[in-house]
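The file input-v9.cif comes next; it holds mmCIF, C-alpha atoms.
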data_run
#
loop_
_atom_site.group_PDB
_atom_site.id
_atom_site.type_symbol
_atom_site.label_atom_id
_atom_site.label_comp_id
_atom_site.auth_asym_id
_atom_site.auth_seq_id
_atom_site.Cartn_x
_atom_site.Cartn_y
_atom_site.Cartn_z
ATOM 1 C CA THR C 1 -1.183 17.086 23.893
ATOM 2 C CA PRO C 2 -2.109 17.496 20.204
ATOM 3 C CA GLN C 3 0.486 16.190 17.736
ATOM 4 C CA GLN C 4 2.681 14.991 20.611
ATOM 5 C CA THR C 5 1.232 12.491 23.073
ATOM 6 C CA LEU C 6 -1.913 10.671 24.138
ATOM 7 C CA SER C 7 -1.674 9.342 27.683
ATOM 8 C CA LEU C 8 -3.961 6.644 29.040
ATOM 9 C CA ARG C 9 -4.001 5.685 32.705
ATOM 10 C CA LEU C 10 -5.659 2.815 34.513
ATOM 11 C CA SER C 11 -8.916 3.813 36.173
ATOM 12 C CA ASP C 12 -9.450 2.836 39.784
ATOM 13 C CA THR C 13 -13.165 2.458 39.086
ATOM 14 C CA TYR C 14 -12.848 0.136 36.082
ATOM 15 C CA TRP C 15 -14.712 -3.083 36.794
ATOM 16 C CA GLU C 16 -11.931 -5.346 35.445
ATOM 17 C CA LYS C 17 -8.892 -3.419 36.590
ATOM 18 C CA SER C 18 -6.964 -6.546 37.605
ATOM 19 C CA ALA C 19 -6.981 -7.838 34.021
ATOM 20 C CA TRP C 20 -4.701 -5.032 32.824
ATOM 21 C CA LYS C 21 -0.960 -5.458 33.338
ATOM 22 C CA TYR C 22 0.090 -1.878 32.674
ATOM 23 C CA ALA C 23 -0.718 1.160 34.758
ATOM 24 C CA GLY C 24 -0.708 3.303 31.645
ATOM 25 C CA ILE C 25 0.248 3.655 28.002
ATOM 26 C CA ASP C 26 1.637 6.752 26.320
ATOM 27 C CA PHE C 27 1.153 7.040 22.561
ATOM 28 C CA VAL C 28 4.017 9.222 21.342
ATOM 29 C CA ALA C 29 3.930 10.940 17.959
ATOM 30 C CA ALA C 30 7.158 9.994 16.198
ATOM 31 C CA ALA C 31 8.124 10.294 12.557
ATOM 32 C CA SER C 32 8.880 7.010 10.859
ATOM 33 C CA GLY C 33 12.417 6.158 9.848
ATOM 34 C CA ALA C 34 15.496 7.373 11.728
ATOM 35 C CA PRO C 35 13.576 9.433 14.351
ATOM 36 C CA LEU C 36 11.571 6.365 15.370
ATOM 37 C CA ILE C 37 14.616 4.096 15.475
ATOM 38 C CA ASN C 38 16.578 6.625 17.540
ATOM 39 C CA ALA C 39 13.677 6.992 19.976
ATOM 40 C CA MET C 40 13.502 3.230 20.437
ATOM 41 C CA LEU C 41 17.261 2.959 20.974
ATOM 42 C CA ALA C 42 17.086 5.776 23.528
ATOM 43 C CA ASN C 43 14.351 3.906 25.466
ATOM 44 C CA GLN C 44 11.832 6.666 24.695
ATOM 45 C CA ILE C 45 9.530 4.305 22.791
ATOM 46 C CA ASP C 46 8.998 0.686 23.788
ATOM 47 C CA LEU C 47 6.827 -0.574 20.941
ATOM 48 C CA ASN C 48 6.029 0.742 17.473
ATOM 49 C CA ALA C 49 2.375 0.766 16.437
ATOM 50 C CA SER C 50 0.841 -0.154 13.056
ATOM 51 C CA GLY C 51 0.981 3.399 11.764
ATOM 52 C CA THR C 52 4.750 3.397 12.224
ATOM 53 C CA ALA C 53 5.608 -0.136 11.144
ATOM 54 C CA LEU C 54 9.311 -0.486 10.422
ATOM 55 C CA THR C 55 10.678 -1.081 6.954
ATOM 56 C CA THR C 56 13.046 -4.000 6.498
ATOM 57 C CA ASP C 57 15.962 -1.548 6.284
ATOM 58 C CA GLN C 58 14.958 0.127 9.537
ATOM 59 C CA ALA C 59 14.409 -3.203 11.243
ATOM 60 C CA SER C 60 17.966 -4.271 10.412
ATOM 61 C CA THR C 61 19.190 -1.519 12.759
ATOM 62 C CA LEU C 62 17.430 -3.223 15.678
ATOM 63 C CA GLN C 63 18.044 -6.804 14.563
ATOM 64 C CA GLY C 64 20.271 -8.638 17.010
ATOM 65 C CA ARG C 65 20.494 -5.802 19.529
ATOM 66 C CA PRO C 66 20.156 -7.036 23.121
ATOM 67 C CA GLY C 67 16.766 -6.229 24.594
ATOM 68 C CA PHE C 68 14.936 -5.874 21.270
ATOM 69 C CA LYS C 69 12.697 -8.390 19.557
ATOM 70 C CA LEU C 70 11.277 -8.083 16.058
ATOM 71 C CA GLN C 71 8.327 -9.729 14.390
ATOM 72 C CA THR C 72 7.388 -9.525 10.701
ATOM 73 C CA VAL C 73 3.779 -10.081 9.641
ATOM 74 C CA THR C 74 2.165 -10.070 6.226
ATOM 75 C CA SER C 75 -0.643 -7.620 5.621
ATOM 76 C CA ASP C 76 -3.731 -7.632 3.415
ATOM 77 C CA SER C 77 -4.188 -3.893 3.986
ATOM 78 C CA ASN C 78 -0.741 -2.368 3.272
ATOM 79 C CA PHE C 79 0.684 -2.236 -0.224
ATOM 80 C CA ALA C 80 2.857 -0.087 -2.466
ATOM 81 C CA TYR C 81 1.686 1.004 -5.898
ATOM 82 C CA LEU C 82 1.804 3.628 -8.626
ATOM 83 C CA ALA C 83 -1.241 5.873 -8.192
ATOM 84 C CA ILE C 84 -2.522 7.135 -11.539
ATOM 85 C CA CYS C 85 -5.005 9.610 -13.006
ATOM 86 C CA LYS C 86 -7.133 7.383 -15.224
ATOM 87 C CA ASN C 87 -9.211 10.207 -16.729
ATOM 88 C CA LYS C 88 -6.346 12.034 -18.469
ATOM 89 C CA PRO C 89 -3.503 11.067 -20.842
ATOM 90 C CA PRO C 90 -1.565 8.914 -20.838
ATOM 91 C CA PHE C 91 -3.318 6.737 -18.230
ATOM 92 C CA ASP C 92 -6.756 7.181 -19.811
ATOM 93 C CA ASN C 93 -5.523 4.643 -22.380
ATOM 94 C CA LEU C 94 -6.007 1.024 -21.210
ATOM 95 C CA GLN C 95 -3.149 -0.244 -23.381
ATOM 96 C CA PHE C 96 -0.802 2.265 -21.778
ATOM 97 C CA ARG C 97 -1.884 1.143 -18.295
ATOM 98 C CA GLN C 98 -1.292 -2.452 -19.366
ATOM 99 C CA ALA C 99 2.152 -1.532 -20.692
ATOM 100 C CA VAL C 100 3.099 -0.073 -17.310
ATOM 101 C CA ALA C 101 1.724 -3.151 -15.540
ATOM 102 C CA TYR C 102 3.900 -5.486 -17.640
ATOM 103 C CA ALA C 103 6.963 -3.255 -17.180
ATOM 104 C CA ILE C 104 6.803 -3.557 -13.378
ATOM 105 C CA ASP C 105 8.910 -6.353 -11.919
ATOM 106 C CA ARG C 106 7.071 -7.060 -8.683
ATOM 107 C CA ASP C 107 9.302 -9.914 -7.599
ATOM 108 C CA ALA C 108 12.362 -7.668 -7.913
ATOM 109 C CA ILE C 109 10.622 -4.968 -5.857
ATOM 110 C CA ASN C 110 9.750 -7.457 -3.136
ATOM 111 C CA THR C 111 13.330 -8.710 -3.025
ATOM 112 C CA ALA C 112 15.119 -5.359 -3.196
ATOM 113 C CA ILE C 113 12.803 -3.212 -1.070
ATOM 114 C CA TYR C 114 11.201 -5.698 1.328
ATOM 115 C CA GLY C 115 13.933 -8.308 1.646
ATOM 116 C CA GLY C 116 11.638 -10.931 0.115
ATOM 117 C CA LYS C 117 9.291 -10.746 3.087
ATOM 118 C CA GLY C 118 6.430 -9.114 1.204
ATOM 119 C CA GLU C 119 4.397 -10.567 -1.662
ATOM 120 C CA SER C 120 4.081 -9.570 -5.304
ATOM 121 C CA GLN C 121 0.638 -8.063 -5.792
ATOM 122 C CA TYR C 122 -1.763 -8.470 -8.693
ATOM 123 C CA MET C 123 -5.171 -7.893 -7.103
ATOM 124 C CA MET C 124 -6.896 -6.641 -3.946
ATOM 125 C CA TRP C 125 -6.117 -9.620 -1.698
ATOM 126 C CA PRO C 126 -2.925 -11.629 -1.025
ATOM 127 C CA LYS C 127 -2.640 -15.345 -1.654
ATOM 128 C CA ASP C 128 -3.505 -16.446 1.880
ATOM 129 C CA SER C 129 -6.873 -14.666 1.789
ATOM 130 C CA LYS C 130 -10.115 -16.473 1.027
ATOM 131 C CA PHE C 131 -10.905 -13.574 -1.299
ATOM 132 C CA PHE C 132 -7.845 -14.205 -3.478
ATOM 133 C CA THR C 133 -8.803 -15.052 -7.080
ATOM 134 C CA ALA C 134 -6.321 -17.698 -8.227
ATOM 135 C CA SER C 135 -7.202 -17.395 -11.923
ATOM 136 C CA LEU C 136 -5.987 -13.772 -11.937
ATOM 137 C CA ASP C 137 -2.596 -14.431 -10.345
ATOM 138 C CA ASN C 138 0.370 -13.296 -12.454
ATOM 139 C CA THR C 139 -1.940 -11.624 -15.005
ATOM 140 C CA TYR C 140 0.674 -8.917 -15.586
ATOM 141 C CA LYS C 141 3.807 -10.902 -14.848
ATOM 142 C CA HIS C 142 6.915 -8.874 -15.709
ATOM 143 C CA ASP C 143 7.394 -8.911 -19.508
ATOM 144 C CA VAL C 144 9.301 -6.035 -21.116
ATOM 145 C CA THR C 145 8.554 -7.279 -24.639
ATOM 146 C CA LYS C 146 4.806 -7.153 -24.014
ATOM 147 C CA ALA C 147 5.188 -3.762 -22.341
ATOM 148 C CA LYS C 148 6.956 -2.305 -25.381
ATOM 149 C CA ALA C 149 4.372 -3.763 -27.775
ATOM 150 C CA LEU C 150 1.474 -2.323 -25.783
ATOM 151 C CA LEU C 151 3.260 1.017 -25.541
ATOM 152 C CA THR C 152 3.416 1.119 -29.348
ATOM 153 C CA GLN C 153 -0.251 0.134 -29.617
ATOM 154 C CA ALA C 154 -1.098 2.936 -27.199
ATOM 155 C CA GLY C 155 0.495 5.426 -29.587
ATOM 156 C CA TYR C 156 3.976 5.760 -28.083
ATOM 157 C CA PRO C 157 6.315 3.821 -30.409
ATOM 158 C CA ASN C 158 9.252 5.983 -29.341
ATOM 159 C CA GLY C 159 8.438 5.757 -25.641
ATOM 160 C CA ILE C 160 7.166 8.544 -23.417
ATOM 161 C CA ASP C 161 8.381 10.934 -20.735
ATOM 162 C CA LEU C 162 6.365 10.517 -17.543
ATOM 163 C CA ASP C 163 6.474 12.939 -14.607
ATOM 164 C CA THR C 164 5.960 10.994 -11.403
ATOM 165 C CA MET C 165 5.681 12.240 -7.832
ATOM 166 C CA THR C 166 7.250 10.607 -4.805
ATOM 167 C CA LEU C 167 7.875 11.111 -1.129
ATOM 168 C CA GLU C 168 11.500 11.095 -0.006
ATOM 169 C CA ALA C 169 10.644 8.069 2.150
ATOM 170 C CA ASN C 170 9.810 6.175 -1.065
ATOM 171 C CA ARG C 171 12.986 7.231 -2.892
ATOM 172 C CA ARG C 172 14.569 3.763 -3.179
ATOM 173 C CA LEU C 173 11.320 2.211 -4.353
ATOM 174 C CA SER C 174 10.701 5.058 -6.791
ATOM 175 C CA GLU C 175 14.165 4.804 -8.323
ATOM 176 C CA LEU C 176 13.751 1.047 -8.787
ATOM 177 C CA VAL C 177 10.385 1.561 -10.507
ATOM 178 C CA GLN C 178 11.976 4.337 -12.586
ATOM 179 C CA ALA C 179 14.618 1.898 -13.823
ATOM 180 C CA GLN C 180 12.075 -0.843 -14.561
ATOM 181 C CA LEU C 181 9.760 1.407 -16.564
ATOM 182 C CA GLY C 182 12.772 2.853 -18.369
ATOM 183 C CA GLU C 183 13.567 -0.588 -19.805
ATOM 184 C CA ALA C 184 10.209 -0.485 -21.605
ATOM 185 C CA GLY C 185 10.690 3.070 -22.905
ATOM 186 C CA ILE C 186 8.758 4.895 -20.198
ATOM 187 C CA ARG C 187 11.181 7.600 -19.092
ATOM 188 C CA VAL C 188 10.207 8.550 -15.535
ATOM 189 C CA LYS C 189 11.154 11.934 -14.102
ATOM 190 C CA LEU C 190 10.769 11.908 -10.329
ATOM 191 C CA GLN C 191 9.455 14.942 -8.471
ATOM 192 C CA THR C 192 9.811 14.878 -4.686
ATOM 193 C CA THR C 193 7.055 16.283 -2.508
ATOM 194 C CA ALA C 194 6.580 16.655 1.232
ATOM 195 C CA ASP C 195 2.776 16.696 0.855
ATOM 196 C CA ILE C 196 1.608 14.039 -1.555
ATOM 197 C CA VAL C 197 -2.045 14.432 -0.526
ATOM 198 C CA THR C 198 -2.168 18.079 -1.621
ATOM 199 C CA ASP C 199 0.261 17.948 -4.536
ATOM 200 C CA PHE C 200 -0.931 14.724 -6.119
ATOM 201 C CA TYR C 201 -4.219 13.401 -4.774
ATOM 202 C CA THR C 202 -5.844 16.845 -4.618
ATOM 203 C CA ASN C 203 -4.104 18.979 -7.239
ATOM 204 C CA VAL C 204 -2.786 16.151 -9.485
ATOM 205 C CA LYS C 205 0.415 18.000 -10.436
ATOM 206 C CA THR C 206 1.733 14.847 -12.127
ATOM 207 C CA PRO C 207 -0.079 11.970 -13.917
ATOM 208 C CA ALA C 208 1.278 9.425 -11.444
ATOM 209 C CA ALA C 209 2.799 9.038 -7.988
ATOM 210 C CA VAL C 210 4.628 6.274 -6.155
ATOM 211 C CA SER C 211 2.577 5.791 -3.030
ATOM 212 C CA ALA C 212 1.501 3.385 -0.308
ATOM 213 C CA TRP C 213 -1.970 2.343 0.788
ATOM 214 C CA ILE C 214 -3.110 1.394 4.261
ATOM 215 C CA ARG C 215 -6.792 0.501 4.260
ATOM 216 C CA PRO C 216 -8.590 -2.678 5.371
ATOM 217 C CA GLY C 217 -11.256 -4.694 3.620
ATOM 218 C CA LEU C 218 -13.683 -2.900 1.369
ATOM 219 C CA GLN C 219 -12.046 0.467 2.042
ATOM 220 C CA LYS C 220 -9.190 -0.622 -0.222
ATOM 221 C CA VAL C 221 -11.611 -0.173 -3.112
ATOM 222 C CA THR C 222 -14.176 2.380 -1.968
ATOM 223 C CA ARG C 223 -11.585 4.893 -0.738
ATOM 224 C CA ALA C 224 -9.648 4.608 -3.987
ATOM 225 C CA PHE C 225 -12.458 4.532 -6.543
ATOM 226 C CA GLY C 226 -15.598 5.656 -4.738
ATOM 227 C CA PRO C 227 -17.279 9.024 -5.273
ATOM 228 C CA ASN C 228 -16.044 12.134 -3.434
ATOM 229 C CA SER C 229 -12.975 10.450 -1.967
ATOM 230 C CA VAL C 230 -9.723 12.424 -1.831
ATOM 231 C CA ALA C 231 -7.837 9.215 -2.617
ATOM 232 C CA ASN C 232 -9.812 8.774 -5.868
ATOM 233 C CA VAL C 233 -7.343 10.455 -8.213
ATOM 234 C CA CYS C 234 -9.169 12.546 -10.861
ATOM 235 C CA GLN C 235 -12.457 11.155 -9.470
ATOM 236 C CA TYR C 236 -12.599 7.975 -11.530
ATOM 237 C CA SER C 237 -16.115 6.528 -11.621
ATOM 238 C CA SER C 238 -17.511 3.124 -12.605
ATOM 239 C CA PRO C 239 -21.195 2.254 -12.020
ATOM 240 C CA GLU C 240 -20.305 -1.449 -12.320
ATOM 241 C CA LEU C 241 -17.628 -1.296 -9.639
ATOM 242 C CA ASN C 242 -19.794 0.882 -7.392
ATOM 243 C CA ALA C 243 -22.628 -1.639 -7.659
ATOM 244 C CA LEU C 244 -20.327 -4.464 -6.564
ATOM 245 C CA THR C 245 -18.953 -2.533 -3.582
ATOM 246 C CA ASP C 246 -22.473 -1.447 -2.593
ATOM 247 C CA GLN C 247 -23.457 -5.111 -2.360
ATOM 248 C CA LEU C 248 -20.346 -6.010 -0.375
ATOM 249 C CA ALA C 249 -21.057 -3.149 2.029
ATOM 250 C CA THR C 250 -24.266 -4.912 3.122
ATOM 251 C CA MET C 251 -22.470 -8.168 3.990
ATOM 252 C CA THR C 252 -20.176 -9.445 6.693
ATOM 253 C CA PRO C 253 -16.871 -10.976 5.560
ATOM 254 C CA ASP C 254 -18.257 -14.393 6.510
ATOM 255 C CA ASP C 255 -21.230 -14.080 4.166
ATOM 256 C CA PRO C 256 -20.923 -16.919 1.585
ATOM 257 C CA ARG C 257 -21.852 -14.475 -1.190
ATOM 258 C CA ALA C 258 -18.854 -12.237 -0.484
ATOM 259 C CA LYS C 259 -16.314 -14.508 -2.190
ATOM 260 C CA GLY C 260 -18.103 -14.344 -5.545
ATOM 261 C CA LEU C 261 -18.435 -10.573 -5.341
ATOM 262 C CA TRP C 262 -14.775 -10.130 -4.444
ATOM 263 C CA ASP C 263 -13.838 -12.317 -7.412
ATOM 264 C CA GLN C 264 -15.754 -9.879 -9.613
ATOM 265 C CA VAL C 265 -14.093 -6.871 -7.965
ATOM 266 C CA ASN C 266 -10.651 -8.411 -8.391
ATOM 267 C CA LYS C 267 -11.359 -9.146 -12.054
ATOM 268 C CA PHE C 268 -12.653 -5.627 -12.711
ATOM 269 C CA VAL C 269 -9.597 -4.056 -11.080
ATOM 270 C CA VAL C 270 -7.196 -6.339 -12.978
ATOM 271 C CA ASP C 271 -8.931 -6.138 -16.369
ATOM 272 C CA ASN C 272 -9.070 -2.348 -16.229
ATOM 273 C CA VAL C 273 -5.683 -1.888 -14.500
ATOM 274 C CA LEU C 274 -7.138 0.513 -11.932
ATOM 275 C CA TRP C 275 -3.991 0.100 -9.828
ATOM 276 C CA GLU C 276 -0.394 -0.197 -11.015
ATOM 277 C CA LEU C 277 0.358 -2.578 -8.185
ATOM 278 C CA PHE C 278 3.798 -3.379 -6.766
ATOM 279 C CA ALA C 279 3.748 -5.539 -3.637
ATOM 280 C CA TRP C 280 2.074 -6.288 -0.339
ATOM 281 C CA GLN C 281 4.271 -4.689 2.296
ATOM 282 C CA PRO C 282 5.534 -6.680 5.276
ATOM 283 C CA LEU C 283 4.927 -5.004 8.623
ATOM 284 C CA VAL C 284 7.778 -5.164 11.094
ATOM 285 C CA TYR C 285 7.134 -4.538 14.769
ATOM 286 C CA GLY C 286 9.766 -4.149 17.435
ATOM 287 C CA VAL C 287 9.450 -4.325 21.202
ATOM 288 C CA ASN C 288 11.954 -3.317 23.859
ATOM 289 C CA THR C 289 11.740 -6.462 25.984
ATOM 290 C CA SER C 290 14.306 -5.138 28.462
ATOM 291 C CA ARG C 291 11.771 -2.483 29.495
ATOM 292 C CA VAL C 292 8.330 -4.016 29.059
ATOM 293 C CA GLY C 293 9.130 -7.711 28.829
ATOM 294 C CA GLY C 294 6.859 -10.244 27.206
ATOM 295 C CA ASP C 295 6.355 -10.947 23.527
ATOM 296 C CA LEU C 296 4.730 -9.304 20.533
#

Please, can you express the file's structure as structure tokens?
Amino acid sequence: TPQQTLSLRLSDTYWEKSAWKYAGIDFVAAASGAPLINAMLANQIDLNASGTALTTDQASTLQGRPGFKLQTVTSDSNFAYLAICKNKPPFDNLQFRQAVAYAIDRDAINTAIYGGKGESQYMMWPKDSKFFTASLDNTYKHDVTKAKALLTQAGYPNGIDLDTMTLEANRRLSELVQAQLGEAGIRVKLQTTADIVTDFYTNVKTPAAVSAWIRPGLQKVTRAFGPNSVANVCQYSSPELNALTDQLATMTPDDPRAKGLWDQVNKFVVDNVLWELFAWQPLVYGVNTSRVGGDL
């Protein structure tokens, strides 16, 4: 049933039928947040999938309840960030992008929004990845003094008013970022939207938007900065970056050449501040063990 359920049932003709413990699985469309939590508490949903991972706040509702078990995992594909239009003012100015990067307190975001279970983000891979570039870690460590100096160099000695879009689900994060940028003189005015894809990524009604990204591997870069991608705000283009991703696209992750190429991609992203990165998001999964038993 479109937009509602996808039901799978065990086939009597499947050659390895005995290997499957469940007679069927129903994928139920449920909005994240309170609707998902309520559905789990009402025994309507037994396990939340990756697309509806719980936030730390939501998980606290289930924590300690009899019959529910939670597991938090780190992700190299999910992160929160400030999406920006790099082809138009003020984000077409590298010094302004650097000012924003220094104004962001990633550790505070991880603590306040993710309960310390995420990881401050500076590049395209977290610290436990083989593609992490150690020399780039903490490149834009929170420094309001540097942020203010770069803001002046960018031509905004008296600060700047910055319209920024957000989803209601990102309200707490957006207000924290608003306060952090405000300390550096970047006065953020938040505009709430119910359709960030149309209002920001397609029509770019504001220069920036607080958003979240869920893409694995090379898609983290190609979907954001590659040609003809909806997620490529204002259709940013770099022949150098495209050449690097084209090479990576021909390799498996185990290819010994991939590490060197990812180091170059990480450096290009950091040097040019293509993302205003916040933090790697922790993914929280809950299972109703009283109904389905077992473990996550």

Quiz item: Expanded to explicit residues, what is the PyMOL selection byres ((chain C and resi 142) around 10) for this file, as a ChimeraX atom specification?
Solution: /C:100-108,138-141,143-147,180

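What separates atom CA of Ala99 of chain C from atom CA of Gln235 of chain C is a distance of 22.4 Å.
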
Quiz prompt | Selection dump of the PyMOL selection byres ((chain C and resi 242) around 10), as a PyMOL selection string | solution = chain C and resi 221-222+225-227+237-241+243-248+265

Keeping C-alpha atoms, export the residues of the selection given above as a compact mmCIF listing (two decimals), in the coordinates of the input.
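In the end it all went to out00.txt:
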# COMPACT_ATOMS: atom_id res chain seq x y z
CA VAL C 221 -11.61 -0.17 -3.11
CA THR C 222 -14.18 2.38 -1.97
CA PHE C 225 -12.46 4.53 -6.54
CA GLY C 226 -15.60 5.66 -4.74
CA PRO C 227 -17.28 9.02 -5.27
CA SER C 237 -16.11 6.53 -11.62
CA SER C 238 -17.51 3.12 -12.60
CA PRO C 239 -21.20 2.25 -12.02
CA GLU C 240 -20.30 -1.45 -12.32
CA LEU C 241 -17.63 -1.30 -9.64
CA ALA C 243 -22.63 -1.64 -7.66
CA LEU C 244 -20.33 -4.46 -6.56
CA THR C 245 -18.95 -2.53 -3.58
CA ASP C 246 -22.47 -1.45 -2.59
CA GLN C 247 -23.46 -5.11 -2.36
CA LEU C 248 -20.35 -6.01 -0.38
CA VAL C 265 -14.09 -6.87 -7.96

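The space separating atom CA of Lys205 of chain C from atom CA of Asp92 of chain C comes to 16.0 Å.
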
Exercise. Quick one: apply the PyMOL selection byres ((chain C and resi 46) around 12) to the file and drop the selected residues here as an MDAnalysis selection string.
Key: chainID C and resid 25:28 36:45 47:49 67:70 285:296

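The space between atom CA of Asn158 of chain C and atom CA of Phe96 of chain C spans 13.1 Å.
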
Exercise. Can you pull out every residue within 12 Å of Arg171 of chain C, counting all atoms listed in the file, but drop anything in the same chain fewer than 5 positions away, and send it as an NGL selection string?
Key: :C and (113 or 164-166 or 176-178 or 190-193 or 209-211)

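Counting all atoms listed in the file and comparing C:Pro256, C:Pro89, C:Gly33, C:Gly24, the residue that lies closest to Ala208 of chain C is C:Pro89.
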
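In this comparison, which uses only C-alpha atoms, the residue of C:Thr72, C:Ser174, C:Gln219, C:Ser7 approaching Val284 of chain C most closely is C:Thr72.
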
Draw an axis-aligned box over all listed atoms of segment 140-151 of chain C, pad each side with 3 Å, and write its centre and edge lengths in Å, one decimal, as lines of an AutoDock Vina configuration file.
center_x = 5.0
center_y = -4.9
center_z = -21.3
size_x = 14.6
size_y = 17.9
size_z = 18.9

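The residue set within 9 Å of Lys117 of chain C, counting all atoms listed in the file and dropping same-chain residues fewer than 6 places from it, reads C:Thr56, C:Thr72, C:Val73, C:Thr74, C:Asn110, C:Thr111, C:Gln281, C:Pro282.
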